[in-house]
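Enquirer: Below: one structure in structure tokens.
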Amino acid sequence: MSATYALKRLAWALPTLLLVAVAVFALLRMVPGDPAQLMLGDAADAVQLDALRETMGLNQSLPVQFARWLQAALRGDLGRSLANDQAVLPLILERFRVTASIVLAAVALAGLIAVPLGTIAAWKQNSALDLAVVGGATLLLSIPSFWLGLLMLLFFGLKLGWVPVVGYVGFGEDPWQALLYVALPIVTLTLIETGVLTRMARSAAIDVLRLEYVAHARSKGLRESTVLRRHVLPNAFAPTLTLLGIVLGNLLGGIAVIETVFTLPGLGRLLVDGITARDYPVVQGCMLFVATIYVLVNLLVDLLYPLFDPRVAAE
Amino acid sequence: MRNALLAGLAAASLVVLPAAAQTPLRASLNSDIRSTQPGGNRDFNTDSVILHVVEGLVALNEHAAPVPMLAEKMELSGDGRTYTFTLRQGVTFHNGAPLTSAEVLWSLRRYMDPATNWRCLPDLNGRSGLAKITEMAAPDARTVTITLEKPAALFLSTIARPDCGSTGVLHPSSVGADGAWVKPVGTGPYSLGEWRRGQYVELERFEGYAALPGERDGFAGGKRALMPRIRFVTIPDSSAAKAALLAGNVDVMTDVPGPELPDLRANRAVQVLAAPSMGVTALLLQTRDPLLKDERIRRAIALALDVPELVTSIVGDDAPENPSPLPSASPFRSEAQTRRPARDLAAAKRLLAEAGYRGQPIRMITNRRYPNVYDASVAAQAMAADAGIKIELEVLDWATELDRYTRGDYQAMAFIYSPRLDPSLSYEMISGPKDTQPRKVWDDPQALELIQRSMTVTDEAERQRIFDRLYGMFMQQVPMVVLYNQPDYIAVRQGVTGVRPWASGQTRLWGVARGG
């Protein structure tokens, strides 16, 4: 069932991706600004501009530009960056590795903290502990990520000097150094996402705690810890998993603000730099890649859902 | 045996060297370089980095005048058309090969090939009207001759320009067998080490560098690579760059934006250095706009502004106000070009009344990419309001503003011009026929004729007279209000010596050392 379902979902994703490609292409071309102009600056004359636009393939009609790009994209070739002539797909994959390592760690940590915390807060609903958890989660949720990142950077990097403030080292080169460089971004992202997920986990657990099978379990004389562990946590996790999928999809698409603050060469920064430079192939490639990731992550979440809620599998 | 012992000692000394000595000198860049090709796919940061690696026959000195670099001397023929360059002896490329006229000729021919996309090709193939090279030759191993179609006063300045990559002389091994670009093998004090895109570009000291005698002088003079390695680190966010500087993760923060200055100046661990660059910050007025085509309204706007006050409020004492399109650092900005009519609200109102202005809004495009430009537009808006001029600000992103500038699609615009290192180019950047070049601000045939003349005249006194005359016409017609030359700010950690901002705005890390 799962394999057929997955294939169907993937087939449905194709028109979505095509739509994304068309929309991104059209929207990008509607935004004022010219990559050739940006490259040549205020000293460019019309002849120079025209020559560079010709080299960049921007003098062709829009449908021709799109058709060529799409044709190549179907072969796995997302073109070359207008800014630095690098092949876009390897560039995206290289940057995605950085983003993914941070996002996966942060989301896993946030999930590990938020789900038990939210469940306990729900269990102790309206107590001082609950209020503290809700207050803390709301606070984390309200803090802009760039501000929290900068505070982290100033305190742990600048004041205490525990971690370097800028730069990035790959895990393959020096795992300890790599950890030092990504520690603050991971902590920042974990804190922000913990706020979101805790509130969701708490709300889901409150719903589950009110259900009859929980009352039944309690009436059988099961210990509260067993009720929570065996009956509440797995059932409350299913809706949180959906949110986790959305969060993961969003974040894997680029954590531009975090990457900019911490100077990480990730996908989000690539996209933002691409937009600023009107680097069409990079922006189009990034958006298509992000949409694909989003589809895949949500598909994965849907496939995992029955593990936590058998009623979905039955349906 | 002795060699092995020495090698062992050298290796051991490396092990016991303090970490600071092994760490490269690190300078921040607000964006990554675009490529490693001199004058090719480039921007300001790219030029800064590449000019550590390559050198041309001539280079611009501290006053933006072309002086010999790889050339020992240069001579101009009697008819003003042929330049003869005699190469310095003892200069080698990063690969150890000696510099000869063959490499110079190879480099020049490569630049003149349209396939190279060299930025300055139109300025040297006659297309822009600046100069046209008709012949290049290498009569012997130390001599190169370049012949122009007709005399061109700007020829040497052009080939020395940083945005042309200083027409850097390259060894043919800079390209592969298929002609594709590999990396610059030049003669500069540093060679290209590792470029990690989006992260940093590292340069290594060229031990065989043949330095000119004397002190550093702009891009010329005695360049000494005091640090074994230098690293330009890409940090797009200025707050992060500031934090990195304060934490000691970078030693030099280049291109410091105004909002970061108070914090840095208050910190004793760093020092902020400033010098006016040759970039021009100005308010452009569209002379073809139905409202602003009236010269009286443009003059009224100029009279409504208290420019000295405006400039002081934005850059303090770091840069003086400058009414002239010529930068204050230009030797051609004479005393006559420092005079600007003082603020006179009564006169402004009188001109507005004569022109029949009744408070129609004037939309001024501005941006936040350059905070000082935005601040200038806000201050101008407030000052103009005192004379009854209603300015509405339209804040756009830089790419969009540049696009509107190129199309001349604006009523008024707060704008920053990149540095022009020759006075003729300073006027050329703003003047031209709007029918064919809508980006040009000032369309006056008489002015254009004078500018063209300034490009061919080699007599300095004559050129000075031309620029003074142009200034008079410019101030009378007010196609734009020049405010000041944007200061170039560099912040360095204590212990770093030799960093000095200068008119071109480009960072130079030769002659720079880090103590401790």
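So you can find residues: chains in the structure tokens are A, B, ... in the order shown, residues in each start at 1, and ligands are numbered from 1 in order.
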Might you pull out every residue within 6 Å of stretch 137-152 of chain B, with only C-alpha atoms counted and same-chain residues fewer than 6 positions away left off, and present them as a list in words?
Expert: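 My list of contacting residues is Gly80, Arg81, Thr82, Tyr83, Thr84, Phe85, Thr86, Leu87, Thr100, Ser101, Ala131 and Thr456 of chain B.
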Enquirer: Determine which residues of chain B sit within 6 Å of chain A, taking into account only C-alpha atoms, and present them as a list in words.
Expert: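 Taken together, these residues fit the definition: Arg34, Ser35, Gly198, Ile235, Ala240, Ala244, Ala247, Ala399, Thr400 and Asp403 of chain B.
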Enquirer: Those same residues, written as a PDB file, in the first residue's frame with N, CA, C and O atoms?
Expert:
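Heads up, here's the output in out.pdb:
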ATOM      1  N   ARG B  34      33.607  37.349  -7.383  1.00  0.00           N
ATOM      2  CA  ARG B  34      32.817  36.745  -8.455  1.00  0.00           C
ATOM      3  C   ARG B  34      33.622  35.745  -9.274  1.00  0.00           C
ATOM      4  O   ARG B  34      33.090  34.763  -9.769  1.00  0.00           O
ATOM      5  N   SER B  35      34.874  36.042  -9.454  1.00  0.00           N
ATOM      6  CA  SER B  35      35.719  35.137 -10.228  1.00  0.00           C
ATOM      7  C   SER B  35      37.167  35.502  -9.904  1.00  0.00           C
ATOM      8  O   SER B  35      37.417  36.405  -9.110  1.00  0.00           O
ATOM      9  N   GLY B 198      31.874  31.277  -1.210  1.00  0.00           N
ATOM     10  CA  GLY B 198      30.916  31.605  -0.148  1.00  0.00           C
ATOM     11  C   GLY B 198      31.569  31.677   1.216  1.00  0.00           C
ATOM     12  O   GLY B 198      30.922  32.076   2.186  1.00  0.00           O
ATOM     13  N   ILE B 235      31.708  37.752   4.886  1.00  0.00           N
ATOM     14  CA  ILE B 235      30.742  37.914   5.973  1.00  0.00           C
ATOM     15  C   ILE B 235      29.708  38.941   5.503  1.00  0.00           C
ATOM     16  O   ILE B 235      29.937  40.150   5.574  1.00  0.00           O
ATOM     17  N   ALA B 240      27.541  40.702  12.128  1.00  0.00           N
ATOM     18  CA  ALA B 240      28.360  39.507  12.322  1.00  0.00           C
ATOM     19  C   ALA B 240      29.832  39.837  12.075  1.00  0.00           C
ATOM     20  O   ALA B 240      30.715  39.350  12.785  1.00  0.00           O
ATOM     21  N   ALA B 244      32.761  39.453  14.702  1.00  0.00           N
ATOM     22  CA  ALA B 244      33.963  38.676  14.367  1.00  0.00           C
ATOM     23  C   ALA B 244      35.226  39.486  14.633  1.00  0.00           C
ATOM     24  O   ALA B 244      36.227  38.964  15.126  1.00  0.00           O
ATOM     25  N   ALA B 247      35.696  39.738  18.382  1.00  0.00           N
ATOM     26  CA  ALA B 247      36.083  38.453  18.970  1.00  0.00           C
ATOM     27  C   ALA B 247      37.479  38.023  18.517  1.00  0.00           C
ATOM     28  O   ALA B 247      38.001  37.019  18.996  1.00  0.00           O
ATOM     29  N   ALA B 399      19.108  46.680  -6.703  1.00  0.00           N
ATOM     30  CA  ALA B 399      19.009  46.204  -8.086  1.00  0.00           C
ATOM     31  C   ALA B 399      17.924  46.983  -8.836  1.00  0.00           C
ATOM     32  O   ALA B 399      18.100  47.359 -10.000  1.00  0.00           O
ATOM     33  N   THR B 400      16.819  47.239  -8.156  1.00  0.00           N
ATOM     34  CA  THR B 400      15.726  47.951  -8.802  1.00  0.00           C
ATOM     35  C   THR B 400      16.108  49.414  -9.029  1.00  0.00           C
ATOM     36  O   THR B 400      15.824  49.987 -10.080  1.00  0.00           O
ATOM     37  N   ASP B 403      18.348  49.655 -11.928  1.00  0.00           N
ATOM     38  CA  ASP B 403      17.580  49.461 -13.158  1.00  0.00           C
ATOM     39  C   ASP B 403      16.858  50.757 -13.550  1.00  0.00           C
ATOM     40  O   ASP B 403      16.893  51.174 -14.709  1.00  0.00           O
TER      41      ASP B 403
END
Enquirer: So that I can see what lies close to stretch 202-210 of chain A, please list as a PyMOL selection string the residues with an atom at most 7 Å from it, counting only C-alpha atoms and leaving out residues fewer than 4 positions away in the same chain.
Expert: chain A and resi 118-119+121-122+198+214+232+235-236+239
Enquirer: Would you kindly return, as a list of chain:residue names, each protein, DNA or RNA residue with an atom no farther than 8 Å from any atom of B:Gly515, considering only C-alpha atoms and excluding same-chain residues fewer than 5 positions away?
Expert: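 Residues near the query, excluding close chain neighbours: B:Gly495, B:Val496, B:Thr497.
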Enquirer: I'd like the neighbourhood of A:Val22 as a list in words, where a residue qualifies if any of its atoms comes within 12 Å (using only C-alpha atoms), though same-chain residues fewer than 4 positions away should be ignored.
Expert: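 Final neighbour list, sorted by chain and number: Pro15, Thr16, Leu17, Leu18, Ala26, Leu27, Leu28, Arg29, Leu62, Pro63, Gln65, Phe66, Ala67, Trp69, Leu70, Gln284, Gly285, Met287 and Leu288 of chain A.
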Enquirer: Select from stretch 31-202 of chain B everything DSSP, run on the backbone, classes as strand (DSSP E or B), then give the selection as a PyMOL selection string.
Expert: chain B and resi 58-60+66-68+71-76+82-87+92+98+125+132-140+143-148+175+181+190-196+200-202
Enquirer: Can you tell me, as an MDAnalysis selection string, which residues in stretch 87-275 of chain A count as alpha helix (DSSP H) by DSSP?
Expert: chainID A and resid 88:123 128:142 145:152 175:209 212:219 224:226 233:252 256:261 267:275
Enquirer: Between atom CA of B:Val58 and atom CA of B:Ile159, what is the distance, to one decimal in Å?
Expert: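 Atom-to-atom, atom CA of B:Val58 and atom CA of B:Ile159 are spaced 7.3 Å apart.
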Enquirer: Mind giving me the straight-line distance from atom CA of B:Glu354 to atom CA of B:Leu303 in Å, one decimal?
Expert: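 A separation of 14.6 Å between them.
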Enquirer: Nearest to B:Ile389 among B:Lys223, B:Arg299, B:Arg404, B:Arg465, with distances taken over only C-alpha atoms: which residue is it?
Expert: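 For B:Ile389, the nearest of the given residues is B:Arg299.
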